[in-house]
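Undergrad: So here's start_36.txt (compact mmCIF, N, CA and C atoms).
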```txt
# COMPACT_ATOMS: atom_id res chain seq x y z
N MET A 1 -89.75 76.65 -88.22
CA MET A 1 -88.54 76.73 -87.42
C MET A 1 -88.79 75.99 -86.11
N ASP A 2 -87.90 75.06 -85.80
CA ASP A 2 -87.96 74.35 -84.53
C ASP A 2 -87.13 75.12 -83.50
N VAL A 3 -87.61 75.15 -82.31
CA VAL A 3 -86.85 75.72 -81.19
C VAL A 3 -86.89 74.68 -80.08
N THR A 4 -85.72 74.27 -79.61
CA THR A 4 -85.68 73.23 -78.59
C THR A 4 -84.70 73.60 -77.48
N ALA A 5 -84.87 72.92 -76.38
CA ALA A 5 -83.94 73.07 -75.26
C ALA A 5 -84.02 71.81 -74.41
N THR A 6 -82.96 71.53 -73.71
CA THR A 6 -82.92 70.40 -72.80
C THR A 6 -82.39 70.91 -71.46
N VAL A 7 -83.12 70.59 -70.40
CA VAL A 7 -82.67 70.95 -69.06
C VAL A 7 -82.16 69.67 -68.41
N LEU A 8 -80.91 69.67 -68.02
CA LEU A 8 -80.30 68.51 -67.39
C LEU A 8 -80.33 68.64 -65.88
N SER A 9 -80.39 67.53 -65.21
CA SER A 9 -80.30 67.54 -63.75
C SER A 9 -78.94 68.07 -63.35
N SER A 10 -78.95 68.95 -62.37
CA SER A 10 -77.66 69.49 -61.91
C SER A 10 -77.78 70.03 -60.50
N CYS A 11 -76.64 70.10 -59.84
CA CYS A 11 -76.54 70.71 -58.52
C CYS A 11 -75.25 71.54 -58.48
N VAL A 12 -75.32 72.67 -57.82
CA VAL A 12 -74.16 73.54 -57.64
C VAL A 12 -73.99 73.80 -56.16
N ALA A 13 -72.76 73.65 -55.67
CA ALA A 13 -72.47 73.89 -54.26
C ALA A 13 -71.57 75.13 -54.12
N VAL A 14 -71.91 75.98 -53.16
CA VAL A 14 -71.12 77.16 -52.84
C VAL A 14 -70.85 77.13 -51.34
N ALA A 15 -69.58 77.30 -50.96
CA ALA A 15 -69.22 77.18 -49.54
C ALA A 15 -68.71 78.50 -48.98
N THR A 16 -69.04 78.73 -47.71
CA THR A 16 -68.40 79.82 -46.96
C THR A 16 -67.30 79.18 -46.12
N PRO A 17 -66.22 79.89 -45.85
CA PRO A 17 -65.07 79.27 -45.17
C PRO A 17 -65.33 78.96 -43.70
N VAL A 18 -64.58 77.96 -43.23
CA VAL A 18 -64.50 77.67 -41.80
C VAL A 18 -63.25 78.42 -41.32
N ILE A 19 -63.46 79.45 -40.50
CA ILE A 19 -62.36 80.30 -40.06
C ILE A 19 -62.12 80.05 -38.57
N PHE A 20 -60.95 79.50 -38.24
CA PHE A 20 -60.62 79.21 -36.85
C PHE A 20 -60.01 80.40 -36.13
N GLY A 21 -59.45 81.35 -36.83
CA GLY A 21 -58.84 82.52 -36.19
C GLY A 21 -57.48 82.18 -35.62
N ASN A 22 -57.11 82.89 -34.56
CA ASN A 22 -55.79 82.71 -33.94
C ASN A 22 -55.74 81.43 -33.11
N TYR A 23 -54.64 80.70 -33.25
CA TYR A 23 -54.46 79.43 -32.53
C TYR A 23 -53.45 79.63 -31.40
N THR A 24 -53.86 79.30 -30.17
CA THR A 24 -52.99 79.47 -29.00
C THR A 24 -52.63 78.15 -28.34
N GLY A 25 -53.01 77.05 -28.97
CA GLY A 25 -52.74 75.73 -28.40
C GLY A 25 -53.98 75.05 -27.84
N ALA A 26 -55.03 75.81 -27.59
CA ALA A 26 -56.30 75.23 -27.12
C ALA A 26 -57.13 74.82 -28.33
N ALA A 27 -58.02 73.86 -28.15
CA ALA A 27 -58.93 73.47 -29.23
C ALA A 27 -59.79 74.67 -29.60
N VAL A 28 -60.05 74.81 -30.89
CA VAL A 28 -60.87 75.92 -31.39
C VAL A 28 -61.98 75.34 -32.25
N ASP A 29 -63.22 75.71 -31.95
CA ASP A 29 -64.37 75.30 -32.75
C ASP A 29 -64.81 76.45 -33.65
N SER A 30 -65.28 76.11 -34.83
CA SER A 30 -65.81 77.09 -35.76
C SER A 30 -66.80 76.38 -36.67
N HIS A 31 -67.39 77.12 -37.58
CA HIS A 31 -68.30 76.49 -38.54
C HIS A 31 -68.35 77.32 -39.82
N GLY A 32 -68.79 76.68 -40.87
CA GLY A 32 -69.02 77.32 -42.16
C GLY A 32 -70.31 76.76 -42.73
N HIS A 33 -70.61 77.11 -43.95
CA HIS A 33 -71.84 76.64 -44.58
C HIS A 33 -71.59 76.21 -46.02
N ILE A 34 -72.38 75.27 -46.47
CA ILE A 34 -72.41 74.87 -47.87
C ILE A 34 -73.85 75.04 -48.33
N THR A 35 -74.04 75.83 -49.37
CA THR A 35 -75.36 76.02 -49.95
C THR A 35 -75.40 75.26 -51.27
N VAL A 36 -76.38 74.37 -51.39
CA VAL A 36 -76.53 73.55 -52.58
C VAL A 36 -77.82 73.94 -53.29
N THR A 37 -77.70 74.23 -54.58
CA THR A 37 -78.85 74.56 -55.41
C THR A 37 -78.95 73.51 -56.51
N CYS A 38 -80.10 72.83 -56.58
CA CYS A 38 -80.30 71.78 -57.58
C CYS A 38 -81.50 72.11 -58.46
N THR A 39 -81.52 71.50 -59.64
CA THR A 39 -82.70 71.63 -60.48
C THR A 39 -83.86 70.92 -59.77
N PRO A 40 -85.10 71.32 -60.06
CA PRO A 40 -86.25 70.78 -59.31
C PRO A 40 -86.39 69.26 -59.31
N ASP A 41 -85.86 68.56 -60.32
CA ASP A 41 -86.01 67.11 -60.38
C ASP A 41 -85.07 66.38 -59.42
N VAL A 42 -84.13 67.10 -58.81
CA VAL A 42 -83.20 66.47 -57.87
C VAL A 42 -83.70 66.78 -56.46
N SER A 43 -84.36 65.81 -55.86
CA SER A 43 -84.95 66.05 -54.53
C SER A 43 -84.14 65.42 -53.41
N ALA A 44 -83.36 64.40 -53.72
CA ALA A 44 -82.56 63.74 -52.69
C ALA A 44 -81.13 63.59 -53.19
N TYR A 45 -80.19 63.94 -52.34
CA TYR A 45 -78.78 63.83 -52.70
C TYR A 45 -77.96 63.78 -51.42
N ASN A 46 -76.68 63.53 -51.58
CA ASN A 46 -75.75 63.50 -50.45
C ASN A 46 -74.59 64.42 -50.74
N VAL A 47 -74.02 65.00 -49.68
CA VAL A 47 -72.88 65.89 -49.82
C VAL A 47 -71.69 65.27 -49.11
N GLY A 48 -70.58 65.16 -49.83
CA GLY A 48 -69.35 64.62 -49.27
C GLY A 48 -68.26 65.67 -49.25
N LEU A 49 -67.33 65.55 -48.32
CA LEU A 49 -66.19 66.47 -48.22
C LEU A 49 -64.90 65.69 -48.36
N GLY A 50 -64.00 66.16 -49.22
CA GLY A 50 -62.72 65.52 -49.45
C GLY A 50 -61.77 65.69 -48.28
N SER A 51 -60.60 65.08 -48.40
CA SER A 51 -59.62 65.10 -47.32
C SER A 51 -58.81 66.39 -47.27
N GLY A 52 -58.80 67.15 -48.33
CA GLY A 52 -58.03 68.40 -48.35
C GLY A 52 -56.70 68.22 -49.04
N ALA A 53 -55.94 69.30 -49.11
CA ALA A 53 -54.68 69.31 -49.86
C ALA A 53 -53.46 69.10 -48.97
N GLY A 54 -53.62 69.05 -47.65
CA GLY A 54 -52.49 68.89 -46.73
C GLY A 54 -51.80 67.55 -46.92
N SER A 55 -50.49 67.55 -46.87
CA SER A 55 -49.72 66.33 -47.05
C SER A 55 -50.09 65.29 -45.99
N GLY A 56 -50.51 64.10 -46.45
CA GLY A 56 -50.88 63.02 -45.55
C GLY A 56 -52.27 63.14 -44.94
N ALA A 57 -53.05 64.11 -45.36
CA ALA A 57 -54.39 64.32 -44.79
C ALA A 57 -55.34 63.20 -45.20
N THR A 58 -56.27 62.90 -44.29
CA THR A 58 -57.38 61.99 -44.58
C THR A 58 -58.66 62.70 -44.17
N THR A 59 -59.81 62.14 -44.48
CA THR A 59 -61.05 62.80 -44.08
C THR A 59 -61.27 62.77 -42.58
N SER A 60 -60.59 61.90 -41.87
CA SER A 60 -60.72 61.88 -40.41
C SER A 60 -59.56 62.59 -39.71
N ALA A 61 -58.57 63.03 -40.47
CA ALA A 61 -57.43 63.77 -39.91
C ALA A 61 -56.91 64.74 -40.96
N ARG A 62 -57.65 65.83 -41.14
CA ARG A 62 -57.28 66.83 -42.14
C ARG A 62 -56.13 67.70 -41.64
N LYS A 63 -55.41 68.33 -42.58
CA LYS A 63 -54.25 69.15 -42.21
C LYS A 63 -54.23 70.45 -43.01
N MET A 64 -54.17 71.56 -42.30
CA MET A 64 -53.90 72.84 -42.95
C MET A 64 -52.39 73.00 -43.02
N THR A 65 -51.92 73.64 -44.08
CA THR A 65 -50.48 73.81 -44.28
C THR A 65 -50.11 75.27 -44.12
N ASN A 66 -48.97 75.52 -43.46
CA ASN A 66 -48.42 76.87 -43.32
C ASN A 66 -48.13 77.40 -44.71
N LEU A 67 -48.53 78.63 -44.98
CA LEU A 67 -48.37 79.19 -46.31
C LEU A 67 -46.90 79.47 -46.66
N LEU A 68 -45.99 79.46 -45.65
CA LEU A 68 -44.58 79.76 -45.89
C LEU A 68 -43.65 78.58 -45.59
N SER A 69 -44.18 77.48 -45.07
CA SER A 69 -43.35 76.33 -44.74
C SER A 69 -44.17 75.06 -44.94
N ALA A 70 -43.62 73.94 -44.53
CA ALA A 70 -44.33 72.66 -44.64
C ALA A 70 -45.05 72.29 -43.35
N ASP A 71 -45.05 73.17 -42.34
CA ASP A 71 -45.73 72.88 -41.07
C ASP A 71 -47.23 72.69 -41.32
N THR A 72 -47.85 71.85 -40.48
CA THR A 72 -49.28 71.61 -40.62
C THR A 72 -49.98 71.76 -39.27
N LEU A 73 -51.28 72.03 -39.33
CA LEU A 73 -52.17 72.05 -38.17
C LEU A 73 -53.31 71.08 -38.46
N GLY A 74 -53.56 70.15 -37.53
CA GLY A 74 -54.62 69.18 -37.71
C GLY A 74 -55.98 69.74 -37.33
N TYR A 75 -56.99 69.36 -38.09
CA TYR A 75 -58.36 69.79 -37.80
C TYR A 75 -59.33 68.73 -38.30
N HIS A 76 -60.59 68.87 -37.90
CA HIS A 76 -61.63 67.91 -38.27
C HIS A 76 -62.87 68.67 -38.74
N LEU A 77 -63.64 68.06 -39.63
CA LEU A 77 -64.92 68.61 -40.08
C LEU A 77 -66.01 67.60 -39.78
N PHE A 78 -67.12 68.10 -39.22
CA PHE A 78 -68.19 67.23 -38.75
C PHE A 78 -69.54 67.62 -39.34
N ARG A 79 -70.46 66.65 -39.33
CA ARG A 79 -71.84 66.85 -39.80
C ARG A 79 -72.77 67.33 -38.71
N ASP A 80 -72.35 67.25 -37.43
CA ASP A 80 -73.25 67.57 -36.32
C ASP A 80 -72.59 68.56 -35.37
N ALA A 81 -73.43 69.33 -34.67
CA ALA A 81 -72.95 70.36 -33.75
C ALA A 81 -72.18 69.78 -32.57
N ALA A 82 -72.45 68.54 -32.20
CA ALA A 82 -71.73 67.89 -31.10
C ALA A 82 -70.32 67.47 -31.53
N ARG A 83 -70.07 67.55 -32.83
CA ARG A 83 -68.76 67.22 -33.41
C ARG A 83 -68.37 65.76 -33.12
N THR A 84 -69.31 64.86 -33.40
CA THR A 84 -69.06 63.42 -33.23
C THR A 84 -69.17 62.65 -34.54
N GLN A 85 -69.79 63.24 -35.57
CA GLN A 85 -70.00 62.55 -36.85
C GLN A 85 -69.10 63.15 -37.92
N ASN A 86 -68.04 62.41 -38.25
CA ASN A 86 -67.10 62.87 -39.27
C ASN A 86 -67.83 63.13 -40.59
N TRP A 87 -67.37 64.16 -41.32
CA TRP A 87 -67.94 64.45 -42.64
C TRP A 87 -66.86 64.15 -43.66
N GLY A 88 -67.04 63.07 -44.41
CA GLY A 88 -66.02 62.64 -45.34
C GLY A 88 -66.53 62.43 -46.74
N GLU A 89 -65.78 61.61 -47.50
CA GLU A 89 -66.10 61.41 -48.90
C GLU A 89 -66.56 60.00 -49.24
N ILE A 90 -66.72 59.14 -48.23
CA ILE A 90 -67.30 57.82 -48.47
C ILE A 90 -68.76 57.84 -48.01
N ALA A 91 -69.55 56.95 -48.54
CA ALA A 91 -71.01 56.96 -48.30
C ALA A 91 -71.38 57.03 -46.82
N ALA A 92 -70.64 56.34 -45.96
CA ALA A 92 -70.97 56.33 -44.53
C ALA A 92 -70.77 57.70 -43.88
N ASP A 93 -69.98 58.56 -44.50
CA ASP A 93 -69.70 59.89 -43.94
C ASP A 93 -70.36 61.04 -44.70
N TRP A 94 -71.26 60.74 -45.63
CA TRP A 94 -71.95 61.78 -46.37
C TRP A 94 -73.05 62.41 -45.52
N GLN A 95 -73.43 63.62 -45.87
CA GLN A 95 -74.55 64.30 -45.24
C GLN A 95 -75.71 64.28 -46.23
N PRO A 96 -76.88 63.72 -45.87
CA PRO A 96 -78.02 63.67 -46.79
C PRO A 96 -78.72 65.03 -46.89
N SER A 97 -79.36 65.26 -48.03
CA SER A 97 -80.07 66.53 -48.24
C SER A 97 -81.15 66.75 -47.20
N SER A 98 -81.69 65.68 -46.65
CA SER A 98 -82.74 65.81 -45.64
C SER A 98 -82.22 66.46 -44.35
N ALA A 99 -80.90 66.52 -44.16
CA ALA A 99 -80.33 67.12 -42.96
C ALA A 99 -80.09 68.62 -43.11
N ALA A 100 -80.37 69.15 -44.29
CA ALA A 100 -80.11 70.57 -44.56
C ALA A 100 -81.26 71.44 -44.14
N THR A 101 -80.98 72.72 -44.03
CA THR A 101 -82.00 73.73 -43.83
C THR A 101 -82.48 74.16 -45.20
N SER A 102 -83.77 74.06 -45.46
CA SER A 102 -84.31 74.46 -46.76
C SER A 102 -84.55 75.96 -46.73
N THR A 103 -83.89 76.67 -47.63
CA THR A 103 -84.03 78.12 -47.65
C THR A 103 -85.02 78.61 -48.70
N ALA A 104 -85.18 77.85 -49.78
CA ALA A 104 -86.16 78.23 -50.80
C ALA A 104 -86.23 77.14 -51.86
N GLY A 105 -87.18 76.25 -51.75
CA GLY A 105 -87.39 75.24 -52.76
C GLY A 105 -86.19 74.34 -53.01
N THR A 106 -85.45 74.62 -54.08
CA THR A 106 -84.33 73.77 -54.48
C THR A 106 -83.01 74.20 -53.84
N ILE A 107 -83.04 75.16 -52.95
CA ILE A 107 -81.82 75.64 -52.29
C ILE A 107 -81.80 75.13 -50.85
N LYS A 108 -80.71 74.45 -50.48
CA LYS A 108 -80.57 73.94 -49.12
C LYS A 108 -79.21 74.33 -48.57
N THR A 109 -79.17 74.60 -47.27
CA THR A 109 -77.93 75.01 -46.62
C THR A 109 -77.53 74.01 -45.55
N PHE A 110 -76.28 73.60 -45.59
CA PHE A 110 -75.70 72.67 -44.63
C PHE A 110 -74.69 73.42 -43.77
N THR A 111 -74.65 73.13 -42.49
CA THR A 111 -73.63 73.70 -41.61
C THR A 111 -72.49 72.70 -41.49
N VAL A 112 -71.27 73.18 -41.66
CA VAL A 112 -70.06 72.37 -41.49
C VAL A 112 -69.45 72.78 -40.16
N TYR A 113 -69.31 71.83 -39.24
CA TYR A 113 -68.76 72.11 -37.91
C TYR A 113 -67.29 71.70 -37.89
N GLY A 114 -66.42 72.63 -37.53
CA GLY A 114 -65.00 72.35 -37.52
C GLY A 114 -64.40 72.40 -36.13
N ARG A 115 -63.32 71.66 -35.95
CA ARG A 115 -62.56 71.69 -34.69
C ARG A 115 -61.07 71.63 -35.02
N LEU A 116 -60.35 72.63 -34.54
CA LEU A 116 -58.89 72.67 -34.65
C LEU A 116 -58.35 71.99 -33.40
N THR A 117 -57.56 70.96 -33.59
CA THR A 117 -57.10 70.10 -32.50
C THR A 117 -56.19 70.85 -31.53
N ALA A 118 -56.31 70.54 -30.23
CA ALA A 118 -55.53 71.19 -29.18
C ALA A 118 -54.10 70.68 -29.12
N GLU A 119 -53.24 71.47 -28.49
CA GLU A 119 -51.86 71.12 -28.13
C GLU A 119 -50.99 70.68 -29.30
N GLN A 120 -51.10 71.39 -30.41
CA GLN A 120 -50.26 71.10 -31.56
C GLN A 120 -49.04 72.03 -31.55
N GLN A 121 -47.91 71.50 -31.96
CA GLN A 121 -46.69 72.30 -32.10
C GLN A 121 -46.58 72.71 -33.57
N ALA A 122 -46.69 73.98 -33.82
CA ALA A 122 -46.65 74.45 -35.21
C ALA A 122 -45.94 75.80 -35.27
N GLY A 123 -45.29 76.02 -36.38
CA GLY A 123 -44.58 77.28 -36.58
C GLY A 123 -45.52 78.45 -36.76
N ILE A 124 -45.00 79.63 -36.51
CA ILE A 124 -45.77 80.87 -36.66
C ILE A 124 -46.11 81.07 -38.14
N GLY A 125 -47.28 81.57 -38.38
CA GLY A 125 -47.68 81.89 -39.76
C GLY A 125 -49.14 81.57 -40.01
N ALA A 126 -49.55 81.84 -41.23
CA ALA A 126 -50.93 81.59 -41.65
C ALA A 126 -51.04 80.19 -42.25
N TYR A 127 -52.10 79.49 -41.91
CA TYR A 127 -52.35 78.13 -42.37
C TYR A 127 -53.65 78.09 -43.17
N ALA A 128 -53.69 77.23 -44.19
CA ALA A 128 -54.90 77.12 -45.01
C ALA A 128 -55.00 75.72 -45.61
N ASP A 129 -56.19 75.39 -46.06
CA ASP A 129 -56.45 74.14 -46.75
C ASP A 129 -57.61 74.37 -47.71
N ILE A 130 -57.76 73.49 -48.67
CA ILE A 130 -58.87 73.55 -49.61
C ILE A 130 -59.56 72.18 -49.60
N ILE A 131 -60.86 72.19 -49.39
CA ILE A 131 -61.65 70.96 -49.34
C ILE A 131 -62.56 70.88 -50.57
N THR A 132 -62.58 69.74 -51.22
CA THR A 132 -63.48 69.52 -52.35
C THR A 132 -64.84 69.09 -51.83
N VAL A 133 -65.89 69.78 -52.29
CA VAL A 133 -67.27 69.44 -51.95
C VAL A 133 -67.86 68.67 -53.11
N THR A 134 -68.43 67.50 -52.83
CA THR A 134 -69.04 66.67 -53.87
C THR A 134 -70.52 66.47 -53.56
N VAL A 135 -71.37 66.70 -54.55
CA VAL A 135 -72.80 66.45 -54.40
C VAL A 135 -73.13 65.21 -55.22
N ASN A 136 -73.60 64.16 -54.54
CA ASN A 136 -73.94 62.90 -55.18
C ASN A 136 -75.46 62.81 -55.32
N TYR A 137 -75.95 62.79 -56.58
CA TYR A 137 -77.39 62.70 -56.82
C TYR A 137 -77.71 61.73 -57.91
```
Rewrite the structure from the file as structure tokens, please.
TA:
Amino acid sequence: MDVTATVLSSCVAVATPVIFGNYTGAAVDSHGHITVTCTPDVSAYNVGLGSGAGSGATTSARKMTNLLSADTLGYHLFRDAARTQNWGEIAADWQPSSAATSTAGTIKTFTVYGRLTAEQQAGIGAYADIITVTVNY
């Protein structure tokens, strides 16, 4: 009797949300995390973030949408704590695995720095967006 198995290279990303809280018109900073777990043969990779589901959103101008209307709130996601390096889905805006905090061997954690833009006119209500996380290896 033959018994066989094949282990394929893979990575799985799990994200915690970026929660801005209540918006009063002033800029609001927050952060979340992405934890990436890869098989041992994947030692170097890049993580990209999509533009989101907001109408007209781009990776440099993301938009959360009011859950009850079409109103939007603009926000940005960054790779650095100074909030100067956009985190997007093209190679120039990817975050390399070497920038992550290694928590245990093949598990690495990335911090996502967010900023909700100041002085926006938006209707009352809850706003949300969904960002696609892509691991390129």
Undergrad: Using all atoms listed in the file for the distances, tell me which of A:Tyr23, A:Ala126, A:Ser51, A:Thr4 is nearest to Thr65 in chain A.
TA: A:Ala126
Undergrad: For CA of Glu89 in chain A and CA of Thr101 in chain A, determine how far apart the two atoms are, in Å to one decimal place.
TA: 20.7 Å
Undergrad: Enter the distance from CA of Glu119 in chain A to CA of Gly52 in chain A, in Å, rounded to one decimal.
TA: 21.3 Å
Undergrad: Tell me which protein, DNA and RNA residues are within 5 Å of range 12-20 of chain A, counting only N, CA and C atoms, leaving out same-chain ones fewer than 6 positions away, and put them as a PyMOL selection string.
TA: chain A and resi 31-38
Undergrad: Deliver the residues from the most recent selection as a file, using N, CA and C atoms, as a PDB file, in the coordinates of the input.
TA:
```pdb
ATOM      1  N   HIS A  31     -67.390  77.120 -37.580  1.00  0.00           N
ATOM      2  CA  HIS A  31     -68.300  76.490 -38.540  1.00  0.00           C
ATOM      3  C   HIS A  31     -68.350  77.320 -39.820  1.00  0.00           C
ATOM      4  N   GLY A  32     -68.790  76.680 -40.870  1.00  0.00           N
ATOM      5  CA  GLY A  32     -69.020  77.320 -42.160  1.00  0.00           C
ATOM      6  C   GLY A  32     -70.310  76.760 -42.730  1.00  0.00           C
ATOM      7  N   HIS A  33     -70.610  77.110 -43.950  1.00  0.00           N
ATOM      8  CA  HIS A  33     -71.840  76.640 -44.580  1.00  0.00           C
ATOM      9  C   HIS A  33     -71.590  76.210 -46.020  1.00  0.00           C
ATOM     10  N   ILE A  34     -72.380  75.270 -46.470  1.00  0.00           N
ATOM     11  CA  ILE A  34     -72.410  74.870 -47.870  1.00  0.00           C
ATOM     12  C   ILE A  34     -73.850  75.040 -48.330  1.00  0.00           C
ATOM     13  N   THR A  35     -74.040  75.830 -49.370  1.00  0.00           N
ATOM     14  CA  THR A  35     -75.360  76.020 -49.950  1.00  0.00           C
ATOM     15  C   THR A  35     -75.400  75.260 -51.270  1.00  0.00           C
ATOM     16  N   VAL A  36     -76.380  74.370 -51.390  1.00  0.00           N
ATOM     17  CA  VAL A  36     -76.530  73.550 -52.580  1.00  0.00           C
ATOM     18  C   VAL A  36     -77.820  73.940 -53.290  1.00  0.00           C
ATOM     19  N   THR A  37     -77.700  74.230 -54.580  1.00  0.00           N
ATOM     20  CA  THR A  37     -78.850  74.560 -55.410  1.00  0.00           C
ATOM     21  C   THR A  37     -78.950  73.510 -56.510  1.00  0.00           C
ATOM     22  N   CYS A  38     -80.100  72.830 -56.580  1.00  0.00           N
ATOM     23  CA  CYS A  38     -80.300  71.780 -57.580  1.00  0.00           C
ATOM     24  C   CYS A  38     -81.500  72.110 -58.460  1.00  0.00           C
TER      25      CYS A  38
END
```
Undergrad: Here is a test: counting all atoms listed in the file, which residue of A:Gly48, A:Gly54, A:Gly21, A:Gly123 is nearest to Gln95 in chain A?
TA: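 Looking at the shortest contact to Gln95 in chain A, the residue is A:Gly48.
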Undergrad: Show which residues sit within 6.5 Å of range 135-137 of chain A, as a compact mmCIF listing (two decimals) with N, CA and C atoms, keeping the file's coordinate frame. Count only N, CA and C atoms, and ignore same-chain residues fewer than 3 positions away.
TA:
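Output below, filename around_20.txt:
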```
# COMPACT_ATOMS: atom_id res chain seq x y z
N ALA A 44 -83.36 64.40 -53.72
CA ALA A 44 -82.56 63.74 -52.69
C ALA A 44 -81.13 63.59 -53.19
N TYR A 45 -80.19 63.94 -52.34
CA TYR A 45 -78.78 63.83 -52.70
C TYR A 45 -77.96 63.78 -51.42
N ASN A 46 -76.68 63.53 -51.58
CA ASN A 46 -75.75 63.50 -50.45
C ASN A 46 -74.59 64.42 -50.74
N VAL A 47 -74.02 65.00 -49.68
CA VAL A 47 -72.88 65.89 -49.82
C VAL A 47 -71.69 65.27 -49.11
N GLY A 48 -70.58 65.16 -49.83
CA GLY A 48 -69.35 64.62 -49.27
C GLY A 48 -68.26 65.67 -49.25
```
Undergrad: Pick out the residues sitting within 10 Å of Thr24 in chain A, and hand them over as a ChimeraX atom specification; count only C-alpha atoms, and ignore anything fewer than 2 positions along from it in its own chain.
TA: /A:21-22,26-28,118-120
Undergrad: I need the residue nearest Tyr127 in chain A from this list: A:Thr58, A:Ser69, A:Ser97, A:Ser30. Use only C-alpha atoms for the distance.
TA: A:Ser69
Undergrad: Could you pull the residues within 5 Å of Leu49 in chain A, counting all atoms listed in the file, minus those fewer than 5 positions along the same chain, as a list in words?
TA: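 Returned residues: Trp87, Gly88, Glu89, Thr132 and Val133 of chain A.
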Undergrad: To one decimal in Å, tell me the separation between CA of Arg62 in chain A and CA of Ser10 in chain A.
TA: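 Interatomic distance here is 28.5 Å.
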Undergrad: Would you fill the gaps in range 79-84 of chain A so it has all heavy atoms, then print it as an mmCIF file, in the coordinates of the input?
TA:
```cif
data_model
loop_
_atom_site.group_PDB
_atom_site.id
_atom_site.type_symbol
_atom_site.label_atom_id
_atom_site.label_comp_id
_atom_site.auth_asym_id
_atom_site.auth_seq_id
_atom_site.Cartn_x
_atom_site.Cartn_y
_atom_site.Cartn_z
ATOM 1 N N ARG A 79 -70.460 66.650 -39.330
ATOM 2 C CA ARG A 79 -71.840 66.850 -39.800
ATOM 3 C C ARG A 79 -72.770 67.330 -38.710
ATOM 4 O O ARG A 79 -73.882 67.765 -38.991
ATOM 5 C CB ARG A 79 -72.391 65.537 -40.372
ATOM 6 C CG ARG A 79 -71.643 65.043 -41.587
ATOM 7 C CD ARG A 79 -72.131 63.685 -42.039
ATOM 8 N NE ARG A 79 -71.574 62.654 -41.160
ATOM 9 C CZ ARG A 79 -72.154 61.507 -40.896
ATOM 10 N NH1 ARG A 79 -73.331 61.213 -41.391
ATOM 11 N NH2 ARG A 79 -71.572 60.635 -40.106
ATOM 12 N N ASP A 80 -72.350 67.250 -37.430
ATOM 13 C CA ASP A 80 -73.250 67.570 -36.320
ATOM 14 C C ASP A 80 -72.590 68.560 -35.370
ATOM 15 O O ASP A 80 -71.376 68.635 -35.254
ATOM 16 C CB ASP A 80 -73.649 66.304 -35.565
ATOM 17 C CG ASP A 80 -72.460 65.615 -34.915
ATOM 18 O OD1 ASP A 80 -71.386 65.532 -35.537
ATOM 19 O OD2 ASP A 80 -72.599 65.170 -33.761
ATOM 20 N N ALA A 81 -73.430 69.330 -34.670
ATOM 21 C CA ALA A 81 -72.950 70.360 -33.750
ATOM 22 C C ALA A 81 -72.180 69.780 -32.570
ATOM 23 O O ALA A 81 -71.309 70.450 -32.000
ATOM 24 C CB ALA A 81 -74.125 71.201 -33.237
ATOM 25 N N ALA A 82 -72.450 68.540 -32.200
ATOM 26 C CA ALA A 82 -71.730 67.890 -31.100
ATOM 27 C C ALA A 82 -70.320 67.470 -31.530
ATOM 28 O O ALA A 82 -69.501 67.082 -30.704
ATOM 29 C CB ALA A 82 -72.505 66.680 -30.594
ATOM 30 N N ARG A 83 -70.070 67.550 -32.830
ATOM 31 C CA ARG A 83 -68.760 67.220 -33.410
ATOM 32 C C ARG A 83 -68.370 65.760 -33.120
ATOM 33 O O ARG A 83 -67.268 65.470 -32.696
ATOM 34 C CB ARG A 83 -67.703 68.208 -32.950
ATOM 35 C CG ARG A 83 -67.929 69.586 -33.560
ATOM 36 C CD ARG A 83 -67.038 70.662 -32.968
ATOM 37 N NE ARG A 83 -67.164 71.914 -33.695
ATOM 38 C CZ ARG A 83 -68.156 72.782 -33.541
ATOM 39 N NH1 ARG A 83 -69.145 72.525 -32.702
ATOM 40 N NH2 ARG A 83 -68.188 73.896 -34.253
ATOM 41 N N THR A 84 -69.310 64.860 -33.400
ATOM 42 C CA THR A 84 -69.060 63.420 -33.230
ATOM 43 C C THR A 84 -69.170 62.650 -34.540
ATOM 44 O O THR A 84 -68.703 61.520 -34.604
ATOM 45 C CB THR A 84 -70.048 62.808 -32.208
ATOM 46 O OG1 THR A 84 -71.386 63.006 -32.697
ATOM 47 C CG2 THR A 84 -69.891 63.441 -30.836
#
```
